[in-house]
Amino acid sequence: MIVVAGEALVDMVPVGDDELTPLAPKLGGGPYNVAVALGRLDVPTDFLSRVSTDHFGEQLIKRLHASQVATDLVQRGPENTTLAVVGLAEDGSARYSFYVDGTADRLVEDPGPLPAETKAVSFGTLSLVLEPGASVYETVLRRESKRLLTVLDPNIRAGLIHDPGAYRARFRSWLPDVGLLKASVEDARWLAEDGDVIEIARTWISQGPAAVVLTKGGDGLSVITATGQVDVPPVKVDVVDTIGAGDTVQGALLAWLHDHDALSAEKIRGLSTEEWTAALTYAGAAAAITCSRAGAEPPFASELTAALGG
């Protein structure tokens, strides 16, 4: 089983082109999207979070179950669901404004050691920024890194990081406990305060991760390891929006590693160029499907198999 830890929220997504167009609620949150992607790709998955008992929270839980994600580790509370108001650029890229004060997901409590059947645990996004939940997830990351593959996608939302220097230092402190790191090129530059992203990734690898996967938008995907670099081109698609694209990469990549018995830092270090090409191609195809429809809607296994010609 793979555990995905972090926030669940509601994206308020524009449904027209006017300056003050109506907004439609779409269920999301970086870790939540990763969990949904994994469940839809037939990987045993459990979600670790605190989810509101309000209407949005009930819908978040319902969608997890519909996507074959277990909720044994989900905590519930009466606090409101976090809201993210989305603005879309002409190319479909998204920017976010957040309403997070006192919301349920940031009040998560330490669940203790994860279930014995857990093989990997994935972290990221707002849950590692907003206290007191950030410290709880950090505790789980450090504890579980001793026995599991730990995976991190920082998925930076700079508007919520009030002390960038402190956050960057905290991020660097996580690296010895991270087995696999995924980041967009924009996030990599933000975290390193600019620079060549490949050199940034190599620096991170020297501090802990077995591999760093970089998402490059229209330029495809790359992975950097201690022994080299593998690149795959983007999948051509008519983009509706990019909401959840990076999360889908994270989920699909973990699904590929699960299906190929490679959920450990040691096995990741041993993957060949051909295996990395296959893994990134799989993840890129999944993300392309997500980009072809509104909101974060990762593909089901049958859709991805058809897209890959299987």
# chains A, B, ... in the order shown; residues from 1 in each chain; ligands from 1
>>> select_by_dssp(residues="segment 2-144 of chain A", states="strand (DSSP E or B)", output="PyMOL selection string")
chain A and resi 2-5+9-14+23-28+45-52+69-70+74-77+82-88+94-99+120-124
>>> write_last_selection(atoms="C-alpha atoms", output="CSV table (one decimal), in the first residue's frame")
chain,number,residue,atom,x,y,z
A,2,ILE,CA,1.0,3.6,-0.6
A,3,VAL,CA,0.0,6.3,1.9
A,4,VAL,CA,-0.5,9.8,0.6
A,5,ALA,CA,-0.3,12.5,3.4
A,9,LEU,CA,-9.4,21.2,-0.4
A,10,VAL,CA,-11.8,22.7,-3.0
A,11,ASP,CA,-10.6,24.6,-6.0
A,12,MET,CA,-13.0,27.3,-7.2
A,13,VAL,CA,-12.4,27.2,-10.9
A,14,PRO,CA,-13.5,29.8,-13.5
A,23,LEU,CA,-16.6,29.8,-10.2
A,24,ALA,CA,-17.3,26.1,-10.0
A,25,PRO,CA,-16.1,24.0,-7.1
A,26,LYS,CA,-13.6,21.2,-8.0
A,27,LEU,CA,-12.3,18.8,-5.4
A,28,GLY,CA,-8.5,18.9,-5.1
A,45,THR,CA,-3.8,3.6,-1.5
A,46,ASP,CA,-4.8,5.2,1.8
A,47,PHE,CA,-5.1,8.9,2.5
A,48,LEU,CA,-3.7,10.6,5.6
A,49,SER,CA,-5.3,13.9,6.4
A,50,ARG,CA,-8.0,15.7,8.4
A,51,VAL,CA,-11.1,16.4,6.4
A,52,SER,CA,-14.0,18.6,7.3
A,69,VAL,CA,-8.8,5.2,-2.1
A,70,ALA,CA,-9.1,3.9,1.5
A,74,VAL,CA,-8.5,10.1,7.5
A,75,GLN,CA,-9.4,12.2,10.6
A,76,ARG,CA,-12.6,14.2,10.6
A,77,GLY,CA,-13.4,17.6,12.2
A,82,THR,CA,-9.8,25.0,2.7
A,83,LEU,CA,-10.7,26.9,-0.5
A,84,ALA,CA,-8.4,27.7,-3.4
A,85,VAL,CA,-9.6,30.3,-5.9
A,86,VAL,CA,-8.1,29.6,-9.2
A,87,GLY,CA,-7.2,32.0,-12.0
A,88,LEU,CA,-6.4,30.7,-15.4
A,94,ALA,CA,-3.2,28.2,-13.0
A,95,ARG,CA,-2.5,30.7,-10.2
A,96,TYR,CA,-4.1,30.4,-6.7
A,97,SER,CA,-5.5,32.4,-3.9
A,98,PHE,CA,-6.1,30.5,-0.6
A,99,TYR,CA,-8.5,30.7,2.3
A,120,ALA,CA,5.8,4.2,0.4
A,121,VAL,CA,4.5,7.5,1.7
A,122,SER,CA,4.1,10.7,-0.3
A,123,PHE,CA,4.1,14.3,1.0
A,124,GLY,CA,3.8,17.8,-0.4
>>> residues_around(residues="Leu257 of chain A", least_positions_apart="3", cutoff="12 Å", atoms="only C-alpha atoms", output="PyMOL selection string")
chain A and resi 2+38+41+43+119-120+149+151+180+250-254+260-265+267-268+271+275-276+278-280+282-283
>>> write_last_selection(atoms="C-alpha atoms", output="PDB file, in the first residue's frame")
ATOM      1  CA  ILE A   2       1.008   3.620  -0.631  1.00  0.00           C
ATOM      2  CA  LEU A  38      -3.009   6.311  -7.520  1.00  0.00           C
ATOM      3  CA  LEU A  41      -4.529   3.439 -11.473  1.00  0.00           C
ATOM      4  CA  VAL A  43      -2.748   0.912  -6.679  1.00  0.00           C
ATOM      5  CA  LYS A 119       5.569   0.495   1.185  1.00  0.00           C
ATOM      6  CA  ALA A 120       5.798   4.229   0.444  1.00  0.00           C
ATOM      7  CA  LEU A 149      10.266   4.978   0.547  1.00  0.00           C
ATOM      8  CA  VAL A 151       8.409  10.772  -1.659  1.00  0.00           C
ATOM      9  CA  LEU A 180      12.387  10.348  -4.259  1.00  0.00           C
ATOM     10  CA  GLN A 250       3.486  12.130  -8.963  1.00  0.00           C
ATOM     11  CA  GLY A 251       0.679   9.591  -8.683  1.00  0.00           C
ATOM     12  CA  ALA A 252       1.356   7.889 -12.009  1.00  0.00           C
ATOM     13  CA  LEU A 253       5.085   7.694 -11.338  1.00  0.00           C
ATOM     14  CA  LEU A 254       4.419   6.017  -7.994  1.00  0.00           C
ATOM     15  CA  HIS A 260       7.384  -2.763 -11.281  1.00  0.00           C
ATOM     16  CA  ASP A 261       8.322  -3.630  -7.686  1.00  0.00           C
ATOM     17  CA  ALA A 262      10.571  -0.578  -7.362  1.00  0.00           C
ATOM     18  CA  LEU A 263       9.193   1.148  -4.260  1.00  0.00           C
ATOM     19  CA  SER A 264      12.499   1.620  -2.444  1.00  0.00           C
ATOM     20  CA  ALA A 265      15.377   4.054  -2.723  1.00  0.00           C
ATOM     21  CA  LYS A 267      15.612  -0.079  -6.383  1.00  0.00           C
ATOM     22  CA  ILE A 268      15.130   3.440  -7.718  1.00  0.00           C
ATOM     23  CA  LEU A 271      16.605   1.630 -12.583  1.00  0.00           C
ATOM     24  CA  GLU A 275      13.059   1.753 -17.243  1.00  0.00           C
ATOM     25  CA  TRP A 276      13.157   5.465 -16.453  1.00  0.00           C
ATOM     26  CA  ALA A 278       9.066   3.906 -19.547  1.00  0.00           C
ATOM     27  CA  ALA A 279       8.204   5.361 -16.128  1.00  0.00           C
ATOM     28  CA  LEU A 280       8.329   8.971 -17.301  1.00  0.00           C
ATOM     29  CA  TYR A 282       3.681   6.576 -18.358  1.00  0.00           C
ATOM     30  CA  ALA A 283       3.552   9.578 -16.012  1.00  0.00           C
TER      31      ALA A 283
END
>>> closest_residue(among="A:Pro164, A:Gly29, A:Gly270, A:Pro111", to="Gly295 of chain A", atoms="only C-alpha atoms")
A:Gly29
>>> closest_residue(among="A:Leu141, A:Ala287, A:Ile200, A:Leu160", to="Pro176 of chain A", atoms="only C-alpha atoms")
A:Leu141
>>> select_by_dssp(residues="segment 91-305 of chain A", states="alpha helix (DSSP H)", output="PyMOL selection string")
chain A and resi 133-144+164-174+185-192+197-205+245-259+265-269+273-291+301-305
>>> atom_distance(atom1="atom CA of Arg168 of chain A", atom2="atom CA of Gly284 of chain A")
27.7 Å
>>> residues_around(residues="Thr103 of chain A", least_positions_apart="2", cutoff="8 Å", atoms="only C-alpha atoms", output="MDAnalysis selection string")
chainID A and resid 52 79:82 100:101 105:107
>>> closest_residue(among="A:Ala306, A:Val108, A:Ile198, A:Ala169", to="Asp231 of chain A", atoms="only C-alpha atoms")
A:Ile198
>>> residues_around(residues="Val213 of chain A", least_positions_apart="3", cutoff="8 Å", atoms="only C-alpha atoms", output="PyMOL selection string")
chain A and resi 180-183+221-224
>>> write_last_selection(atoms="C-alpha atoms", output="PDB file, in the first residue's frame")
ATOM      1  CA  LEU A 180      12.387  10.348  -4.259  1.00  0.00           C
ATOM      2  CA  LEU A 181      11.908  14.048  -4.982  1.00  0.00           C
ATOM      3  CA  LYS A 182       9.640  15.518  -7.679  1.00  0.00           C
ATOM      4  CA  ALA A 183       9.535  19.210  -8.501  1.00  0.00           C
ATOM      5  CA  LEU A 221       9.864  15.353 -18.012  1.00  0.00           C
ATOM      6  CA  SER A 222      13.393  14.624 -16.829  1.00  0.00           C
ATOM      7  CA  VAL A 223      14.918  12.512 -14.104  1.00  0.00           C
ATOM      8  CA  ILE A 224      18.335  13.142 -12.628  1.00  0.00           C
TER       9      ILE A 224
END
>>> decode(residues="segment 67-94 of chain A", atoms="N, CA, C and O atoms", output="PDB file, in the first residue's frame")
ATOM      1  N   SER A  67     -12.748   6.615  -6.205  1.00  0.00           N
ATOM      2  CA  SER A  67     -11.455   6.426  -6.881  1.00  0.00           C
ATOM      3  C   SER A  67     -10.656   5.283  -6.260  1.00  0.00           C
ATOM      4  O   SER A  67      -9.458   5.155  -6.532  1.00  0.00           O
ATOM      5  N   GLN A  68     -11.279   4.476  -5.440  1.00  0.00           N
ATOM      6  CA  GLN A  68     -10.677   3.286  -4.833  1.00  0.00           C
ATOM      7  C   GLN A  68      -9.574   3.628  -3.826  1.00  0.00           C
ATOM      8  O   GLN A  68      -8.618   2.871  -3.658  1.00  0.00           O
ATOM      9  N   VAL A  69      -9.714   4.777  -3.153  1.00  0.00           N
ATOM     10  CA  VAL A  69      -8.755   5.181  -2.129  1.00  0.00           C
ATOM     11  C   VAL A  69      -9.369   4.910  -0.759  1.00  0.00           C
ATOM     12  O   VAL A  69     -10.491   5.333  -0.478  1.00  0.00           O
ATOM     13  N   ALA A  70      -8.618   4.223   0.104  1.00  0.00           N
ATOM     14  CA  ALA A  70      -9.074   3.948   1.462  1.00  0.00           C
ATOM     15  C   ALA A  70      -8.975   5.212   2.315  1.00  0.00           C
ATOM     16  O   ALA A  70      -8.132   6.088   2.067  1.00  0.00           O
ATOM     17  N   THR A  71      -9.804   5.295   3.330  1.00  0.00           N
ATOM     18  CA  THR A  71      -9.809   6.468   4.217  1.00  0.00           C
ATOM     19  C   THR A  71      -9.623   6.056   5.678  1.00  0.00           C
ATOM     20  O   THR A  71     -10.056   6.763   6.587  1.00  0.00           O
ATOM     21  N   ASP A  72      -8.948   4.941   5.900  1.00  0.00           N
ATOM     22  CA  ASP A  72      -8.718   4.471   7.266  1.00  0.00           C
ATOM     23  C   ASP A  72      -7.899   5.477   8.075  1.00  0.00           C
ATOM     24  O   ASP A  72      -8.025   5.539   9.304  1.00  0.00           O
ATOM     25  N   LEU A  73      -7.041   6.238   7.416  1.00  0.00           N
ATOM     26  CA  LEU A  73      -6.169   7.184   8.103  1.00  0.00           C
ATOM     27  C   LEU A  73      -6.712   8.607   8.091  1.00  0.00           C
ATOM     28  O   LEU A  73      -6.052   9.524   8.575  1.00  0.00           O
ATOM     29  N   VAL A  74      -7.897   8.795   7.532  1.00  0.00           N
ATOM     30  CA  VAL A  74      -8.488  10.130   7.484  1.00  0.00           C
ATOM     31  C   VAL A  74      -9.116  10.464   8.837  1.00  0.00           C
ATOM     32  O   VAL A  74      -9.876   9.676   9.402  1.00  0.00           O
ATOM     33  N   GLN A  75      -8.771  11.654   9.355  1.00  0.00           N
ATOM     34  CA  GLN A  75      -9.395  12.198  10.556  1.00  0.00           C
ATOM     35  C   GLN A  75     -10.473  13.185  10.121  1.00  0.00           C
ATOM     36  O   GLN A  75     -10.350  13.827   9.087  1.00  0.00           O
ATOM     37  N   ARG A  76     -11.522  13.323  10.909  1.00  0.00           N
ATOM     38  CA  ARG A  76     -12.620  14.247  10.563  1.00  0.00           C
ATOM     39  C   ARG A  76     -12.756  15.319  11.636  1.00  0.00           C
ATOM     40  O   ARG A  76     -12.448  15.079  12.807  1.00  0.00           O
ATOM     41  N   GLY A  77     -13.224  16.487  11.227  1.00  0.00           N
ATOM     42  CA  GLY A  77     -13.424  17.578  12.162  1.00  0.00           C
ATOM     43  C   GLY A  77     -14.429  18.580  11.638  1.00  0.00           C
ATOM     44  O   GLY A  77     -14.692  18.649  10.428  1.00  0.00           O
ATOM     45  N   PRO A  78     -15.008  19.402  12.519  1.00  0.00           N
ATOM     46  CA  PRO A  78     -16.054  20.345  12.119  1.00  0.00           C
ATOM     47  C   PRO A  78     -15.534  21.608  11.449  1.00  0.00           C
ATOM     48  O   PRO A  78     -16.330  22.425  10.974  1.00  0.00           O
ATOM     49  N   GLU A  79     -14.218  21.799  11.405  1.00  0.00           N
ATOM     50  CA  GLU A  79     -13.654  23.001  10.799  1.00  0.00           C
ATOM     51  C   GLU A  79     -13.987  23.053   9.302  1.00  0.00           C
ATOM     52  O   GLU A  79     -14.242  22.032   8.679  1.00  0.00           O
ATOM     53  N   ASN A  80     -13.930  24.253   8.727  1.00  0.00           N
ATOM     54  CA  ASN A  80     -14.240  24.410   7.309  1.00  0.00           C
ATOM     55  C   ASN A  80     -13.197  23.738   6.418  1.00  0.00           C
ATOM     56  O   ASN A  80     -12.053  23.523   6.822  1.00  0.00           O
ATOM     57  N   THR A  81     -13.603  23.453   5.192  1.00  0.00           N
ATOM     58  CA  THR A  81     -12.690  22.970   4.159  1.00  0.00           C
ATOM     59  C   THR A  81     -11.903  24.149   3.583  1.00  0.00           C
ATOM     60  O   THR A  81     -12.459  25.223   3.349  1.00  0.00           O
ATOM     61  N   THR A  82     -10.604  23.950   3.347  1.00  0.00           N
ATOM     62  CA  THR A  82      -9.782  24.963   2.682  1.00  0.00           C
ATOM     63  C   THR A  82     -10.310  25.230   1.272  1.00  0.00           C
ATOM     64  O   THR A  82     -10.684  24.295   0.554  1.00  0.00           O
ATOM     65  N   LEU A  83     -10.313  26.505   0.885  1.00  0.00           N
ATOM     66  CA  LEU A  83     -10.713  26.887  -0.468  1.00  0.00           C
ATOM     67  C   LEU A  83      -9.525  27.490  -1.205  1.00  0.00           C
ATOM     68  O   LEU A  83      -8.748  28.253  -0.629  1.00  0.00           O
ATOM     69  N   ALA A  84      -9.383  27.141  -2.476  1.00  0.00           N
ATOM     70  CA  ALA A  84      -8.374  27.731  -3.358  1.00  0.00           C
ATOM     71  C   ALA A  84      -9.101  28.334  -4.557  1.00  0.00           C
ATOM     72  O   ALA A  84      -9.748  27.614  -5.325  1.00  0.00           O
ATOM     73  N   VAL A  85      -9.023  29.651  -4.712  1.00  0.00           N
ATOM     74  CA  VAL A  85      -9.638  30.314  -5.862  1.00  0.00           C
ATOM     75  C   VAL A  85      -8.617  30.344  -6.994  1.00  0.00           C
ATOM     76  O   VAL A  85      -7.491  30.827  -6.825  1.00  0.00           O
ATOM     77  N   VAL A  86      -8.989  29.790  -8.124  1.00  0.00           N
ATOM     78  CA  VAL A  86      -8.071  29.577  -9.238  1.00  0.00           C
ATOM     79  C   VAL A  86      -8.274  30.644 -10.304  1.00  0.00           C
ATOM     80  O   VAL A  86      -9.410  30.954 -10.695  1.00  0.00           O
ATOM     81  N   GLY A  87      -7.167  31.193 -10.794  1.00  0.00           N
ATOM     82  CA  GLY A  87      -7.186  32.047 -11.970  1.00  0.00           C
ATOM     83  C   GLY A  87      -6.420  31.370 -13.087  1.00  0.00           C
ATOM     84  O   GLY A  87      -5.351  30.812 -12.852  1.00  0.00           O
ATOM     85  N   LEU A  88      -6.971  31.373 -14.287  1.00  0.00           N
ATOM     86  CA  LEU A  88      -6.354  30.669 -15.412  1.00  0.00           C
ATOM     87  C   LEU A  88      -5.785  31.661 -16.421  1.00  0.00           C
ATOM     88  O   LEU A  88      -6.460  32.608 -16.838  1.00  0.00           O
ATOM     89  N   ALA A  89      -4.530  31.423 -16.830  1.00  0.00           N
ATOM     90  CA  ALA A  89      -3.913  32.202 -17.895  1.00  0.00           C
ATOM     91  C   ALA A  89      -4.376  31.662 -19.250  1.00  0.00           C
ATOM     92  O   ALA A  89      -5.034  30.619 -19.341  1.00  0.00           O
ATOM     93  N   GLU A  90      -3.996  32.354 -20.315  1.00  0.00           N
ATOM     94  CA  GLU A  90      -4.439  31.941 -21.658  1.00  0.00           C
ATOM     95  C   GLU A  90      -3.933  30.557 -22.034  1.00  0.00           C
ATOM     96  O   GLU A  90      -4.570  29.845 -22.811  1.00  0.00           O
ATOM     97  N   ASP A  91      -2.760  30.148 -21.494  1.00  0.00           N
ATOM     98  CA  ASP A  91      -2.223  28.830 -21.823  1.00  0.00           C
ATOM     99  C   ASP A  91      -2.762  27.737 -20.918  1.00  0.00           C
ATOM    100  O   ASP A  91      -2.330  26.589 -21.002  1.00  0.00           O
ATOM    101  N   GLY A  92      -3.704  28.064 -20.038  1.00  0.00           N
ATOM    102  CA  GLY A  92      -4.291  27.077 -19.148  1.00  0.00           C
ATOM    103  C   GLY A  92      -3.564  26.926 -17.825  1.00  0.00           C
ATOM    104  O   GLY A  92      -4.018  26.177 -16.957  1.00  0.00           O
ATOM    105  N   SER A  93      -2.435  27.605 -17.642  1.00  0.00           N
ATOM    106  CA  SER A  93      -1.717  27.525 -16.376  1.00  0.00           C
ATOM    107  C   SER A  93      -2.525  28.218 -15.284  1.00  0.00           C
ATOM    108  O   SER A  93      -3.292  29.146 -15.546  1.00  0.00           O
ATOM    109  N   ALA A  94      -2.329  27.761 -14.046  1.00  0.00           N
ATOM    110  CA  ALA A  94      -3.177  28.213 -12.954  1.00  0.00           C
ATOM    111  C   ALA A  94      -2.396  29.025 -11.927  1.00  0.00           C
ATOM    112  O   ALA A  94      -1.215  28.766 -11.674  1.00  0.00           O
TER     113      ALA A  94
END
